[in-house]
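This report refers to the structure that appears directly beneath it.
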Amino acid sequence: MSLVTLIKVSLHFFERQLFDQIGLQINPGDRIGLVGRNGSGKTTLLRIICGEISPESGEVRVAKRIRIGYLPQDVKEVLSGPLLQSVVDSIPGRKGLAKRLQEAENSLKTVTDTDAQSRTGEKIAALLQEINLIDREFPTHEAEKILLGLGFRTGDFERPASSLSGGWKMRAALATLLYQKPDLLLLDEPTNHLDIPSVRWLVDFLQEFKGAMILVSHDRDFLNRQVNRIVSFEKEGMRSYRGNYDFYLKAREEEVRSLEARARNQEQKIRDARRFIERFRSKATKARQAQSKLKLVEKMELVQTFQKEKTIHFSFPQVTRSGREVVLMEDLSKRFGSNVLYDNLSLRALRGERIAIIGPNGCGKTTLLRIIAGEIEPDSGRVSLGHGVSVAYFAQHHSDLLNPKKTVVEEVYQVVPHASIGFVRNVCGAFLFSGKDVDKSIGVLSGGERARVSLAKLLVNPGNFMLMDEPTNHLDIESSERLIDALKGYEGTLLFVSHNQSFVNRLATKIWDIREGGVVEYPGTLNEYYDHLLKAEKPLSDPVETDEERRSHNRKKGNRKRAKRERALRRQLIYETLKPIQDRLDSLEERIEFLESRQKAVEKALADPDVFGDKEISVPLLTEYRDIREELDRLLLEWEKDQERLESVKLDLVM
């Protein structure tokens, strides 16, 4: 039996046909990924399914007694009371039962009639039975587990839910939905306000969820892990595909190729028929055949190829080369009141690195970017930018930095006032602002459109050191993927914060994990880093213990301490082993960079005919040029060997 069925549903939105007699069937166990460009109707469809809005025509059939849970992108309703209790009390009927039980117990104290007391007692017993059933299905400890998984601390449980900030209210709303275990869960960008640790927890939790689910997400990895069916909004209408997002892309590509091949084949048949008709129409012996072919062409139903969706398409321009050390942070400290974010933090970023900053919300990821960008000052310590470094900063709340009174083209043009208006319009077009769209004022744009304007401003003047804070927020999944592709070709240094696992995994070459006032630095991808943590958590030795010893609290405590010491020793071993190799590589790279610079200077001098003709000048230069080439060859060979050794040692240490 279907949970929800949409039959010939139609809806207009601002004089645009959003849905035209679409149909959709949602069955128990379905895990549907909803994809399509921004504005295609994903959120509207979710609101129709949960009954928030009604279609103009068609029918929405919802099975009896099924519960639908909906998480919108923006929470409007605020939970009341202490956080934990408000989540626990969100179960339908639970609060009412507790109230009725209290009333019955109070009534029992006042009645004196034996029959009345008996009836009240039976009522109390029945209420207790109902409450016990709910408590067994929805235990309080499950609500606590969910809140902790989404990043709350036990100290937050008694905090008034109404006092939470916008992002934490979203988490509380998500916790409430997950705790309620609805038959159909509708999630609209559920990871937008989560940090990477919470996203990883949510991945595991949803994989154990037994109900049906419809998910909208711009995180490709997250979507792939959760869904077994894709419903997509295409130019030709709503389509359905079995499999996850990657399977959908392959199936869609195969459909396009097949249809284009059929169209080409049909066009060739039509051309051949027309040539035959033109050639033999006037000949009596062939006239009949020509007439038959003419009728065949007229009756032929033309193959309609898919209309390609417009999507952002851009590549970052070539940037000037900075010095090897892009930014150096020394003894950095920052606190807000009693909350210490960093204490004597020292870090550096090197040219060409793509570093992802991760950690729980509130640990200081955005603050670190703002300090490097010069927007705020650290309490102590200093930040030094390297030679030739130019910084471009994409803020998380980019819309606050846009002038709502300016048009799209004016906002982008002010970044490059000396460029031609044609160039600026072309850039705007790459971000889907074409024709009259470029003359829209910023104030009337949607969140996704504002994100595209901010990206366009970054594209025309990216600098060689980009700081990006949640750049995929408000982008649809295809735009997020295009941004990843573009950043792979960016030649500068990238330091970024993102909750999008796909974005981090496909871009990061290094991880900075902010935790407990410091940063754990790891050279690798996000998946490699978490694999490393899992391996590091395993004790290096597994002592044999008796059953009695396992039951001993002191022995367990001793084991934990020993494992902690072993992990610390292992981290120290990794550092002491890798540091000399890395220092040697750094020294080699500095020498190679100097020699390459000198080689270019000598080549330029020797290209001058007057210099080359003077033997007293040219002979020493030629000798120096030969020596430089020989030393460069030797140093590059040493660098390759040390680099291979570094990778080999890393592999051995984490295994």
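As shown in the structure tokens, the chain order sets the letters A, B, ...; within each chain, residues go from 1, and ligands are also counted from 1 in the order they appear.
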| task | Compile the contact shell of Gly69 (chain A) as a list of chain:residue names: residues with an atom at most 10 Å away, counting only C-alpha atoms, same-chain residues fewer than 2 positions apart removed. | result |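 In the requested form, the answer reads A:Cys50, A:Arg67, A:Leu71, A:Pro72, A:Leu174, A:Thr176, A:Leu177, A:Leu178, A:Gln180, A:Lys181, A:Pro182, A:Asp183, A:Leu184, A:Leu185, A:Leu186, A:Leu187, A:Met213.
In this structure, CA of Ala125 (chain A) sits 27.6 Å away from CA of Ile66 (chain A).
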| query | Pick from A:Gly33, A:Pro609, A:Gly167, A:Pro160: nearest to Phe233 (chain A), with only C-alpha atoms counted? | reply |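 So, comparing all the options, the nearest one is A:Gly33.
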| Shortest interatomic distance to Ala486 (chain A) - which of A:Phe316, A:Phe503, A:Phe431, A:Phe157, counting only C-alpha atoms |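 Distance minimum relative to Ala486 (chain A) lands on A:Phe316.
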| Non-local contacts of Leu18 (chain A) (10 Å; only C-alpha atoms; under 4 positions in same chain excluded) as a ChimeraX atom specification | /A:10-14,22,39-41,44-45,233,237
| Near Gln396 (chain A), counting only C-alpha atoms, which residues have an atom at most 8 Å away, once you skip same-chain residues fewer than 6 positions from it, shown as a list in words? | Met468, Asp469, Glu470 and Pro471 of chain A
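The two atoms in question, CA of Gly386 (chain A) and CA of Ile628 (chain A), are spaced 26.2 Å apart.
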